[in-house]
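Please read the structure below before turning to the comments.
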Amino acid sequence: MKTHNVWKAASVRWTKAAMAAALALTLLPPSLTSAAADTTPSATTSASAQNTALTASSVTAFLDAFFAEEAIQEMAPGAAVVVVKNGQVLAEKGYGYADVDSKRTVDPKNDVFRMASVSKTFTAAAIMQLVEQGKVGLDTDIRTYLGDIAFNNPFSEPVTVADLLTHRSGFKIQDPTQDDLNPDLDEYVDLKDYIAKYMPDVVREPGTAYMYDNFAFLLLGYIVQQASGTPYEDYMEKNVFAPLGMDSTDFLMTDELMENAATGYAAGEPVDPYTVRPTVMPSGGMLSTAEDISKFMIAFLNDGKTASGAQLLKADTVASMTEYRSAIHPLLPDATYGFEAASQLPGAGSSSKVITKAGDIPGASSLMFLIPEQDTGVFVVYNQNGGLREQLYAAFISEFFPQYAVEAKFPAFTEESPEQLARYAGLYKDLRVESIVSKVGPGSRGRMVISDPLTGERALQQVAPGLFIDANKMLVAFKTDEAGNVSYLKEPYLNPMGYEQKGVKPAGFNDIPSTHPYSKYILDLQSLGYYPNDPNQAFGPDQAVTRGEYIDMLMRTSAIPFSENAPEFADIQGHPYAAAIQTAYEYGLVSGNEKGLFQPDRPITRQEAAVIIYNSTAGLYPPELLEVVELTGNTDKWAEPAVKLAIMLGYHGPEVTFTDAGAANFQSKKALTRAENAAINDMLLTSTITGAMQLEDAAAEPEEEPAA
């Protein structure tokens with residue numbers, strides 16, 4: 001589904017970035033983590049830059065040169081791309097292999113790829129057709145269409161169809177799970193049954209915050225079905241695909257589509273065939289070809305009129321689908337009815353003149369971007385997840401439409417004083433992936449800094465009220481209410497497809513004075529909602545943490561959905577932490593003893609706690625890297641690599657002491673306390689990997705050779 005789609009849990013590969021972001025960045029779509037780490041769009045331009053005229057010959061030359069770059073070729077085995085303008089296909093090309101083993105080259109006319117979240121645009125088009133017919137109202141409470149499917153909404157404002165279309169439903173996140181990638185190709189899971197089973201409740205006032213929401217588009221597909229009286233897939237075939245002549249498009253993997261399917265890859269290895277749950281998935285289950293997508297782009301850019309002269313959508317409807325409906329700042333728009341903003345370009349932000357839809361699902365990434373005022377559309381799909389599309393977008397804009405990458409000029413304003421800037425300080429937790437936490441605080445020379453485990457610390461310079469820019473010329477915006485209180489931020493690296501919510505002011509605990517050595521860690525987690533915000537409660541900082549309690553906190557701060565499977569260990573049957581323990585077991589983080597028991601109520605030792613975190617790294621830290629860490633004290637041999645890693649990454653509190661020579665005493669065999677556990681989880685969520693990277697660089701640096 002999208003750069004936002006959380007499908008990666010199905011083929012879990014813990015990465016350094018994932019570890020640094022408190023384990024659960026494995027639930028981020030691959031393009032998010034890769035884009036954050038190394039694919040920030042690099043296109044830059046000036047106001048005087050001249051664009052290359054977009055013609056068949058110029059865009060073909062551009063694409064050939066782009067896909068000839070070795071760095072681009074390494075991102076995916078094969079890609080299909082199509083460019084349209086003024087109702088014509090200017091270029092339709094395949095690059096690389098649709099299947100590596102057979103050396104089958106990519107054919108953009110016939111090769112079928114998974115469209116992932118590009119499916120959402122087509123679901124939105126179906127909804128808008130029904131709006132035109134008066135069968136669906138954009139401002140209507142969605143309960144009107146859901147029949148006996150119920151959910152709780154404690155707010156006076158209803159969830160409307162428009163809220164679903166623009167990812168502002170206020171629903172608690174309910175993303176696809178690991179089990180929704182289904183190896184049983186013959187199983188059929190009904191759309192309504194799936195929705196009824198997983199229907200979330202509303203946890204934020206509808207219409208107030210942007211959070212990329214896969215489940216919202218499942219609901220929209222069901223609304224299409226309910227309002228039309230036709231199964232969703234049948235409606236799409238009759239009213240969208242057939243009028244457009246999209247003969248190679250479906251939400252079911254038919255035998256014909258299977259014959260032409262491109263092989264998907266993950267880290268260079270073929271992805272085993274799979275279907276999805278629900279089997280017809282309006283949010284991300286569409287299969288199609290680049291050529292078929294070009295037919296939609298041409299019709300959409302032609303005021304909704306297809307090549308055959310049929311009116312897919314009215315011109316006014318098309319215009320309404322190009323209009324952004326929310327933004328913290330105009331340079332950072334959120335979503336339209338069916339599209340969202342493009343990746344930021346340095347200094348320029350995201351142009352409101354461009355609408356995009358991207359998608360990720362194991363074995364395929366895609367991007368459709370349209371520039372209506374230029375009557376131009378581009379679609380690319382490739383058979384391995386990654387940030388190729390961001391590079392293509394930046395390069396295409398720089399080459400042909402640099403006016404959309406011109407650095408913004410900000411009117412003069414009075415910069416806020418350090419005292420005023422203090423209102424932005426605090427921890428911010430992503431609405432969708434709660435393990436993404438940004439820390440904002442004061443920096444030098446009256447500036448602010450923002451940091452997170454993946455991208456490190458960045459200085460922010462204020463350029464407008466509530467808007468800041470970093471050294472990469474990427475924008476960060478803060479949302480404030482009428483009283484000036486800060487509620488959300490939007491940043492460009494970790495998850496630009498949603499807001500991060502500011503943590504509450506922590507009330508503290510009655511046994512944790514401000515001078516307590518673990519006060520910071522405990523209050524951080526209280527601010528983020530992991531502890532009750534009640535000053536009358538006691539925390540019990542010296543109380544030993546049980547194995548079950550430790551796993552439960554680690555899974556919650558990692559934002560990993562709990563398993564629904566039966567417990568593996570006999571002694572966790574009916575235990576309050578059974579689901580968390582079972583989840584950790586399925587992720588390979590824990591195992592039982594020789595009797596097949598987990599012992600959830602036994603206090604966990606510090607070295608055991610370190611090993612569980614170490615297991616999540618899947619061997620990404622080679623032994624030679626850890627050799628730079630010296631230990632003192634008593635650590636069992638089996639735990640030494642894990643303890644060294646915890647020290648190297650700083651996942652501990654002040655209980656770890658160091659000798660003058662730098663050897664660390666982890667107090668490995670001591671029982672972990674609640675205060676120490678708070679330190680571990682806070683550091684997992686908020687510490688940067690700068691120190692670890694320095695150690696890695698030191699370990700990799702060759703010894704100086706003696707002079708000849």
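Residue names in the structure tokens use chain letters A, B, ... in the order shown, residue numbers from 1 in each chain, and ligand numbers from 1 in the order shown.
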Within 9 Å of range 467-481 of chain A, which residues of range 344-370 of chain A come that close, and what is the closest atom pair and distance in Å for each? Count only C-alpha atoms and give it as a tab-separated table.
residue	atom	partner	partner_atom	distance
A:Gln344	CA	A:Met474	CA	7.0
A:Leu345	CA	A:Met474	CA	7.3
A:Pro346	CA	A:Lys473	CA	4.8
A:Gly347	CA	A:Lys473	CA	4.7
A:Ala348	CA	A:Met474	CA	8.1
A:Gly349	CA	A:Leu475	CA	6.4
Residues within 12 Å of range 242-249 of chain A, only C-alpha atoms, excluding chain neighbours under 5 positions, as an MDAnalysis selection string: chainID A and resid 108:115 119 122 233:237 254:261 285:300 304:313
Could you check which of A:Ile604, A:Ala266, A:Val100, A:Val545 is closest to Ile361 in chain A, using only C-alpha atoms?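 Among the listed residues, the smallest separation from Ile361 in chain A belongs to A:Ala266.
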Leaving out range 625-641 of chain A and any residue of its chain fewer than 4 positions from it, which residues lie within 8 Å of it when counting only C-alpha atoms, given as a PyMOL selection string? chain A and resi 607-608+610-611+614+621+645+647-648+662-669+695-696+699-700
Which of range 312-538 of chain A end up as strand (DSSP E) when DSSP is run on this backbone - answer as a count of residues only? 64
Using Å and a single decimal, report how far CA of Leu554 in chain A sits from CA of Gly619 in chain A. 19.4 Å
Env of Asp180 in chain A: 9 Å cut, atoms = only C-alpha atoms, seq-sep filter 2 positions within chain, self excluded. Answer as a PyMOL selection string. chain A and resi 7+10+176-178+182+275-278
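Secondary structure from DSSP on the backbone puts alpha helix (DSSP H) at the following positions of range 604-668 of chain A: A:Arg606, A:Gln607, A:Glu608, A:Ala609, A:Ala610, A:Val611, A:Ile612, A:Ile613, A:Tyr614, A:Asn615, A:Pro623, A:Glu624, A:Leu625, A:Leu626, A:Glu640, A:Pro641, A:Ala642, A:Val643, A:Lys644, A:Leu645, A:Ala646, A:Ile647, A:Met648, A:Leu649.
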For CA of Leu494 in chain A and CA of Ile680 in chain A, the interatomic separation in Å (one decimal):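 Rounded to one decimal, the two atoms are 21.6 Å apart.
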Compile the contact shell of Lys429 in chain A as a PyMOL selection string: residues with an atom at most 10 Å away, counting only C-alpha atoms, same-chain residues fewer than 2 positions apart removed. chain A and resi 427+431-439+488-489+499-503+527-529+685
Go ahead and write the selection's residues with C-alpha atoms as an mmCIF file, in the first residue's frame.
data_model
loop_
_atom_site.group_PDB
_atom_site.id
_atom_site.type_symbol
_atom_site.label_atom_id
_atom_site.label_comp_id
_atom_site.auth_asym_id
_atom_site.auth_seq_id
_atom_site.Cartn_x
_atom_site.Cartn_y
_atom_site.Cartn_z
ATOM 1 C CA LEU A 427 8.300 14.840 22.537
ATOM 2 C CA LEU A 431 -0.079 9.082 14.941
ATOM 3 C CA ARG A 432 0.382 6.052 12.735
ATOM 4 C CA VAL A 433 3.648 4.437 13.829
ATOM 5 C CA GLU A 434 3.900 5.224 17.518
ATOM 6 C CA SER A 435 7.520 4.122 17.733
ATOM 7 C CA ILE A 436 8.446 7.181 15.656
ATOM 8 C CA VAL A 437 9.259 9.849 18.220
ATOM 9 C CA SER A 438 10.776 13.258 17.543
ATOM 10 C CA LYS A 439 12.336 15.328 20.285
ATOM 11 C CA TYR A 488 1.177 18.524 16.123
ATOM 12 C CA LEU A 489 4.219 18.684 13.884
ATOM 13 C CA TYR A 499 1.319 14.269 11.853
ATOM 14 C CA GLU A 500 3.189 13.638 15.069
ATOM 15 C CA GLN A 501 1.222 14.535 18.192
ATOM 16 C CA LYS A 502 2.871 16.459 20.994
ATOM 17 C CA GLY A 503 3.058 14.604 24.267
ATOM 18 C CA SER A 527 4.418 12.353 28.403
ATOM 19 C CA LEU A 528 4.042 9.858 25.534
ATOM 20 C CA GLY A 529 1.251 7.980 27.297
ATOM 21 C CA LEU A 685 12.522 5.814 21.374
#
Rounded to one decimal, what separation in Å do you get between CA of Phe509 in chain A and CA of Glu457 in chain A? 29.6 Å
What's around range 136-150 of chain A at 7 Å? Count only C-alpha atoms, leave out sequence neighbours fewer than 3 positions away in its own chain, and write the answer as a VMD selection string. chain A and resid 130 to 131 158 to 162 196 223 226 to 227
Now that the selection is made, can you save its residues with N, CA, C and O atoms as a PDB file, in the first residue's frame?
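Now in out.pdb:
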ATOM      1  N   LEU A 130     -20.272   8.128  -7.319  1.00  0.00           N
ATOM      2  CA  LEU A 130     -21.499   7.960  -6.536  1.00  0.00           C
ATOM      3  C   LEU A 130     -21.938   9.271  -5.897  1.00  0.00           C
ATOM      4  O   LEU A 130     -23.137   9.497  -5.692  1.00  0.00           O
ATOM      5  N   VAL A 131     -20.987  10.143  -5.608  1.00  0.00           N
ATOM      6  CA  VAL A 131     -21.337  11.491  -5.130  1.00  0.00           C
ATOM      7  C   VAL A 131     -22.071  12.240  -6.236  1.00  0.00           C
ATOM      8  O   VAL A 131     -23.090  12.903  -5.999  1.00  0.00           O
ATOM      9  N   PRO A 158     -19.176  13.850  13.537  1.00  0.00           N
ATOM     10  CA  PRO A 158     -19.172  12.514  12.943  1.00  0.00           C
ATOM     11  C   PRO A 158     -17.964  12.308  12.039  1.00  0.00           C
ATOM     12  O   PRO A 158     -17.314  13.265  11.606  1.00  0.00           O
ATOM     13  N   VAL A 159     -17.662  11.067  11.752  1.00  0.00           N
ATOM     14  CA  VAL A 159     -16.685  10.745  10.708  1.00  0.00           C
ATOM     15  C   VAL A 159     -17.425  10.784   9.377  1.00  0.00           C
ATOM     16  O   VAL A 159     -18.406  10.070   9.177  1.00  0.00           O
ATOM     17  N   THR A 160     -16.983  11.637   8.470  1.00  0.00           N
ATOM     18  CA  THR A 160     -17.662  11.797   7.183  1.00  0.00           C
ATOM     19  C   THR A 160     -16.894  11.075   6.078  1.00  0.00           C
ATOM     20  O   THR A 160     -15.731  10.673   6.247  1.00  0.00           O
ATOM     21  N   VAL A 161     -17.542  10.938   4.932  1.00  0.00           N
ATOM     22  CA  VAL A 161     -16.887  10.352   3.769  1.00  0.00           C
ATOM     23  C   VAL A 161     -15.669  11.182   3.380  1.00  0.00           C
ATOM     24  O   VAL A 161     -14.607  10.640   3.035  1.00  0.00           O
ATOM     25  N   ALA A 162     -15.786  12.494   3.453  1.00  0.00           N
ATOM     26  CA  ALA A 162     -14.647  13.366   3.140  1.00  0.00           C
ATOM     27  C   ALA A 162     -13.488  13.129   4.093  1.00  0.00           C
ATOM     28  O   ALA A 162     -12.319  13.196   3.698  1.00  0.00           O
ATOM     29  N   ALA A 196     -15.669  -5.858   9.748  1.00  0.00           N
ATOM     30  CA  ALA A 196     -16.373  -6.078  11.006  1.00  0.00           C
ATOM     31  C   ALA A 196     -15.435  -6.592  12.094  1.00  0.00           C
ATOM     32  O   ALA A 196     -15.570  -6.239  13.273  1.00  0.00           O
ATOM     33  N   ILE A 223     -18.279   1.277   1.231  1.00  0.00           N
ATOM     34  CA  ILE A 223     -19.330   2.260   0.956  1.00  0.00           C
ATOM     35  C   ILE A 223     -19.715   2.222  -0.522  1.00  0.00           C
ATOM     36  O   ILE A 223     -20.905   2.338  -0.874  1.00  0.00           O
ATOM     37  N   GLN A 226     -21.975  -0.724  -0.735  1.00  0.00           N
ATOM     38  CA  GLN A 226     -23.267  -0.506  -0.088  1.00  0.00           C
ATOM     39  C   GLN A 226     -24.140   0.471  -0.879  1.00  0.00           C
ATOM     40  O   GLN A 226     -25.342   0.240  -1.076  1.00  0.00           O
ATOM     41  N   ALA A 227     -23.539   1.571  -1.305  1.00  0.00           N
ATOM     42  CA  ALA A 227     -24.320   2.616  -1.967  1.00  0.00           C
ATOM     43  C   ALA A 227     -24.746   2.216  -3.377  1.00  0.00           C
ATOM     44  O   ALA A 227     -25.795   2.655  -3.863  1.00  0.00           O
TER      45      ALA A 227
END
Near-Tyr210 in chain A list (6 Å; only C-alpha atoms; drop same-chain fewer than 4 positions) as a ChimeraX atom specification: /A:167-168,498-499
Rank nothing, just name the residue among A:Val59, A:Ser514, A:Ile328, A:Asn533 nearest to Pro465 in chain A, using only C-alpha atoms.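 Distance minimum relative to Pro465 in chain A lands on A:Ile328.
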With distances taken over only C-alpha atoms, which residue among A:Pro453, A:Gln50, A:Tyr222, A:Lys192 lies nearest Gln403 in chain A?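 Under the stated criterion, the closest residue is A:Gln50.
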